[in-house]
Amino acid sequence: MKIVRVLGQDVKYPDVCACCLAKSTTTLEVRKEDLAALALALSSAAARVAAARSAGGAGLLRDSRAVKVPYCEVCSGHVRWKRSGGWLGVALHVPVDAFFGLLLGLVVAAVVGAAGIGGAELDFDHPNWFVIGFFVAGGIVLGLMTMRWRPRGPLGRQHASNGDALQIARFTGSEIVLRCHNNQFADKLREANPGSALSTGA
Ligand SMILES: [Zn+2]
Ligand SMILES: [Zn+2]
């Protein structure tokens with residue numbers, strides 16, 4: 001793992017995947033909140049608001065930074081899969097989405113009943129289970145869709161990480177420090193950003 005320090009606000013990326021160095025086809029956003037700055041903001045909110053006003057709002061925006069990391073199709077899949085919690089994430093998402101489907105289905109069934117569409121009547125003792133079932137099934141399908149990101153077999157050695165290959169270590173208003181799990185990507189990243197510095201992470 002290598003650490004790359006990039007000066008300025010903009011990070012330029014080589015067009016290769018941050019995980020496996022294949023040609024990048026997509027990007028995933030990583031975000032970091034500056035917890036120290038947020039704590040400071042909470043403890044002295046009034047002072048921060050005053051400071052932010054005088055700085056045109058820029059003072060508050062600096063508390064979080066997001067970068068768009070290039071990935072290939074395969075890696076964006078395994079990173080999303082890892083982020084969503086893998087199989088446990090699917091097990092948690094499906095019942096939650098099914099529940100929201102049930103709520104939405106009840107609302108739609110009531111509206112359909114009230115409007116008398118297709119000869120249906122508003123009847124709370126006999127709700128339209130066809131409509132409700134449709135939305136519950138939709139919720140289940142939505143929950144199961146996380147599965148499309150699951151890796152189709154073990155990841156090869158070219159993958160730097162099964163989760164995020166690049167993370168924001170820290171940032172200030174004038175620089176951003178990126179933690180790269182792929183050392184070669186770190187080298188390319190440094191080349192793409194003149195003036196940036198490289199150090200080996202622990
Ligand atoms: Zn890749
Ligand atoms: Zn990968």
# chains A, B, ... in the order shown; residues from 1 in each chain; ligands from 1
>>> closest_atom_pairs(of="chain A", to="ligand 1", cutoff="7 Å", atoms="only C-alpha atoms and all ligand atoms", output="CSV")
residue,atom,partner,partner_atom_place_in_ligand_line,distance
A:Cys17,CA,ligand 1,1 (Zn),4.6
A:Ala18,CA,ligand 1,1 (Zn),6.6
A:Cys19,CA,ligand 1,1 (Zn),4.9
A:Cys20,CA,ligand 1,1 (Zn),4.1
A:Leu21,CA,ligand 1,1 (Zn),5.8
A:Ala22,CA,ligand 1,1 (Zn),5.3
A:Tyr71,CA,ligand 1,1 (Zn),5.3
A:Cys72,CA,ligand 1,1 (Zn),4.2
A:Glu73,CA,ligand 1,1 (Zn),6.7
A:Val74,CA,ligand 1,1 (Zn),5.8
A:Cys75,CA,ligand 1,1 (Zn),4.2
A:His159,CA,ligand 1,1 (Zn),6.8
>>> residues_around(residues="Val136 (chain A)", least_positions_apart="2", cutoff="6 Å", atoms="only C-alpha atoms", output="list in words")
Ala98, Gly101, Leu102, Gly133, Phe134, Gly138 and Gly139 of chain A
>>> write_last_selection(atoms="C-alpha atoms", output="PDB file, in the first residue's frame")
ATOM      1  CA  ALA A  98     -40.220  -6.012   0.951  1.00  0.00           C
ATOM      2  CA  GLY A 101     -43.058  -2.556  -0.945  1.00  0.00           C
ATOM      3  CA  LEU A 102     -45.891  -3.636   1.381  1.00  0.00           C
ATOM      4  CA  GLY A 133     -48.421  -8.573  -3.714  1.00  0.00           C
ATOM      5  CA  PHE A 134     -47.069  -6.887  -6.826  1.00  0.00           C
ATOM      6  CA  GLY A 138     -41.030  -5.551  -6.443  1.00  0.00           C
ATOM      7  CA  GLY A 139     -39.383  -4.809  -3.081  1.00  0.00           C
TER       8      GLY A 139
END
>>> closest_residue(among="A:Asn182, A:Thr172, A:Thr25, A:Asn128", to="ligand 2", atoms="only C-alpha atoms and all ligand atoms")
A:Asn182
